[in-house]
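Shown next: work-v7.cif, containing mmCIF, C-alpha atoms.
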data_my_file
loop_
_atom_site.label_atom_id
_atom_site.label_comp_id
_atom_site.auth_asym_id
_atom_site.auth_seq_id
_atom_site.Cartn_x
_atom_site.Cartn_y
_atom_site.Cartn_z
CA MET A 1 0.00 0.00 0.00
CA ASP A 2 1.51 3.32 -1.02
CA ASN A 3 1.40 6.50 1.05
CA LYS A 4 -1.67 7.87 -0.76
CA GLU A 5 -3.64 4.64 -0.23
CA THR A 6 -2.56 4.50 3.42
CA THR A 7 -3.76 8.06 3.96
CA GLU A 8 -7.10 7.36 2.24
CA VAL A 9 -7.72 4.27 4.40
CA ALA A 10 -6.68 6.16 7.54
CA HIS A 11 -9.17 8.91 6.68
CA ALA A 12 -11.89 6.30 6.13
CA VAL A 13 -11.14 4.88 9.60
CA ILE A 14 -11.52 8.32 11.19
CA ASP A 15 -14.74 8.90 9.24
CA TYR A 16 -16.18 5.59 10.44
CA LEU A 17 -15.14 6.25 14.04
CA ASN A 18 -16.84 9.64 13.90
CA GLU A 19 -19.97 8.15 12.33
CA VAL A 20 -20.34 5.34 14.85
CA THR A 21 -19.43 7.28 17.99
CA GLY A 22 -20.69 10.75 17.12
CA SER A 23 -17.16 12.10 17.57
CA ARG A 24 -15.46 14.81 15.55
CA TYR A 25 -11.89 13.58 15.19
CA ARG A 26 -9.88 15.32 12.50
CA TYR A 27 -7.29 13.92 10.15
CA SER A 28 -4.56 15.23 12.46
CA GLU A 29 -1.24 13.44 12.74
CA SER A 30 -2.00 12.51 16.34
CA SER A 31 -5.20 10.75 15.23
CA LEU A 32 -3.62 9.10 12.18
CA ILE A 33 -0.27 7.89 13.52
CA SER A 34 -1.48 4.68 15.18
CA ILE A 35 -3.82 3.89 12.26
CA LYS A 36 -0.97 4.16 9.77
CA ALA A 37 1.25 2.00 11.98
CA ARG A 38 -1.38 -0.77 12.10
CA LEU A 39 -1.84 -0.54 8.32
CA LYS A 40 1.91 -1.07 7.89
CA GLU A 41 1.55 -4.21 10.04
CA GLY A 42 -0.94 -5.60 7.52
CA PHE A 43 -4.30 -4.78 9.07
CA ASP A 44 -6.99 -3.48 6.72
CA LEU A 45 -9.99 -1.14 6.79
CA GLN A 46 -12.39 -3.91 7.79
CA ASP A 47 -10.20 -4.75 10.80
CA PHE A 48 -10.48 -1.15 12.00
CA LYS A 49 -14.23 -1.11 11.44
CA ASN A 50 -14.59 -4.32 13.43
CA VAL A 51 -12.64 -2.88 16.37
CA ILE A 52 -14.63 0.36 16.30
CA TYR A 53 -17.89 -1.55 16.15
CA LYS A 54 -17.05 -4.02 18.91
CA LYS A 55 -15.68 -1.46 21.33
CA SER A 56 -18.53 0.95 20.62
CA GLN A 57 -21.03 -1.77 21.42
CA GLN A 58 -19.26 -2.36 24.74
CA TRP A 59 -18.36 1.18 25.75
CA ILE A 60 -20.60 3.82 24.19
CA ASN A 61 -23.22 3.69 26.96
CA ASP A 62 -20.70 3.22 29.76
CA SER A 63 -19.93 6.59 31.33
CA GLU A 64 -16.49 5.41 32.47
CA MET A 65 -15.37 3.65 29.28
CA CYS A 66 -16.86 5.84 26.52
CA LYS A 67 -13.96 8.27 26.85
CA TYR A 68 -11.70 5.54 25.44
CA LEU A 69 -13.48 5.50 22.09
CA ARG A 70 -10.61 7.45 20.57
CA PRO A 71 -7.85 6.66 18.07
CA GLU A 72 -4.98 6.53 20.57
CA THR A 73 -6.76 3.86 22.62
CA LEU A 74 -8.51 1.81 19.95
CA PHE A 75 -5.63 1.56 17.51
CA CYS A 76 -2.56 1.41 19.76
CA ALA A 77 -0.15 -1.48 19.22
CA LYS A 78 -0.71 -2.78 22.73
CA HIS A 79 -4.47 -3.34 22.35
CA PHE A 80 -5.54 -3.33 18.70
CA GLU A 81 -5.09 -7.01 17.89
CA SER A 82 -6.69 -8.18 21.13
CA TYR A 83 -9.67 -5.89 20.50
CA LEU A 84 -9.93 -7.25 16.97
CA ASN A 85 -9.92 -10.85 18.16
CA GLU A 86 -12.43 -10.42 20.98
CA LYS A 87 -15.50 -12.55 20.66
CA TYR A 88 -18.37 -10.40 19.44
CA VAL A 89 -21.66 -10.67 21.32
CA GLU A 90 -24.49 -8.91 19.57
CA ASN A 91 -26.45 -6.42 21.64
CA LYS A 92 -30.04 -7.13 20.66
CA ASP A 93 -31.26 -4.00 22.47
CA GLU A 94 -29.45 -1.69 20.08
CA ASP A 95 -29.86 -1.18 16.36
CA TRP A 96 -26.20 -1.33 15.27
CA LYS A 97 -24.80 -2.01 11.86
CA ILE A 98 -21.34 -3.03 10.80
CA PHE A 99 -20.19 -1.77 7.45
#
How does this structure look as structure tokens?
Amino acid sequence: MDNKETTEVAHAVIDYLNEVTGSRYRYSESSLISIKARLKEGFDLQDFKNVIYKKSQQWINDSEMCKYLRPETLFCAKHFESYLNEKYVENKDEDWKIF
């Protein structure tokens, strides 16, 4: 993936995060750095969407955890792969969609 493609995917990740969580993250270097690092490791857009979706399901209505629905937490090297591989349990009380 070249630099232009990496940037486009990183922007799509931010857009999806904002859409799902109602956030307003910008395409700033601080928001994009961990996304680009995970892309270089071989993860793809769907991996990011899965992490955003899973963690949003778990945290968005939790007043303590919702503050962690941010790029530096979701996409950091320490947690990203474990978040991605968590077993997903559908919340039947919410109308969520994964793209």
Selection dump of the PyMOL selection byres ((chain A and resi 15) around 12), as a ChimeraX atom specification = /A:8-14,16-27,31-32,45,48-49,52,71
Restricting the calculation to only C-alpha atoms, which member of A:Arg70, A:Lys36, A:Lys54, A:Lys4 is positioned closest to Lys87 (chain A)?
->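 Nearest to Lys87 (chain A): A:Lys54.
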Can you work out the spacing between CA of Glu41 (chain A) and CA of Asn85 (chain A) in Å, to one decimal?
->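 Result for CA of Glu41 (chain A) versus CA of Asn85 (chain A): 15.5 Å, one decimal.
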Do you have the CA of Ser34 (chain A)-CA of Ala77 (chain A) distance handy?
-> 7.5 Å
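Ranking A:Met65, A:Ile33, A:Trp59, A:Val51 by their shortest atom-to-atom distance to Tyr83 (chain A), with all atoms listed in the file included, puts A:Val51 first.
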Around all the atoms of region 28-36 of chain A listed in the file, with 8 Å of room on each side, what axis-aligned box do you get, giving centre and edge lengths in Å to one decimal, as JSON?
{"center_x": -2.7, "center_y": 9.6, "center_z": 13.1, "size_x": 20.9, "size_y": 27.3, "size_z": 22.6}
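You can rank A:Phe43, A:Ala37, A:Tyr68, A:Thr7 by their closest distance to Ser56 (chain A) using all atoms listed in the file, and at the top of that list sits A:Tyr68.
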Can you tell me, as a short mmCIF file (atom, residue, chain, number, x, y, z; two decimals) with C-alpha atoms, in the coordinates of the input, what residues are no more than 10 Å from Glu86 (chain A) when counting all atoms listed in the file, ignoring any on the same chain fewer than 2 positions away?
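And here is the file that came out, part_39.cif:
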data_model
loop_
_atom_site.label_atom_id
_atom_site.label_comp_id
_atom_site.auth_asym_id
_atom_site.auth_seq_id
_atom_site.Cartn_x
_atom_site.Cartn_y
_atom_site.Cartn_z
CA ASN A 50 -14.59 -4.32 13.43
CA VAL A 51 -12.64 -2.88 16.37
CA LYS A 54 -17.05 -4.02 18.91
CA LYS A 55 -15.68 -1.46 21.33
CA GLU A 81 -5.09 -7.01 17.89
CA SER A 82 -6.69 -8.18 21.13
CA TYR A 83 -9.67 -5.89 20.50
CA LEU A 84 -9.93 -7.25 16.97
CA TYR A 88 -18.37 -10.40 19.44
CA VAL A 89 -21.66 -10.67 21.32
#
Could you give me, as JSON, numbers by chain, the residues within 10 Å of Lys40 (chain A), counting only C-alpha atoms and dropping anything in the same chain fewer than 6 positions from it?
-> {"A": [1, 2, 6, 34]}
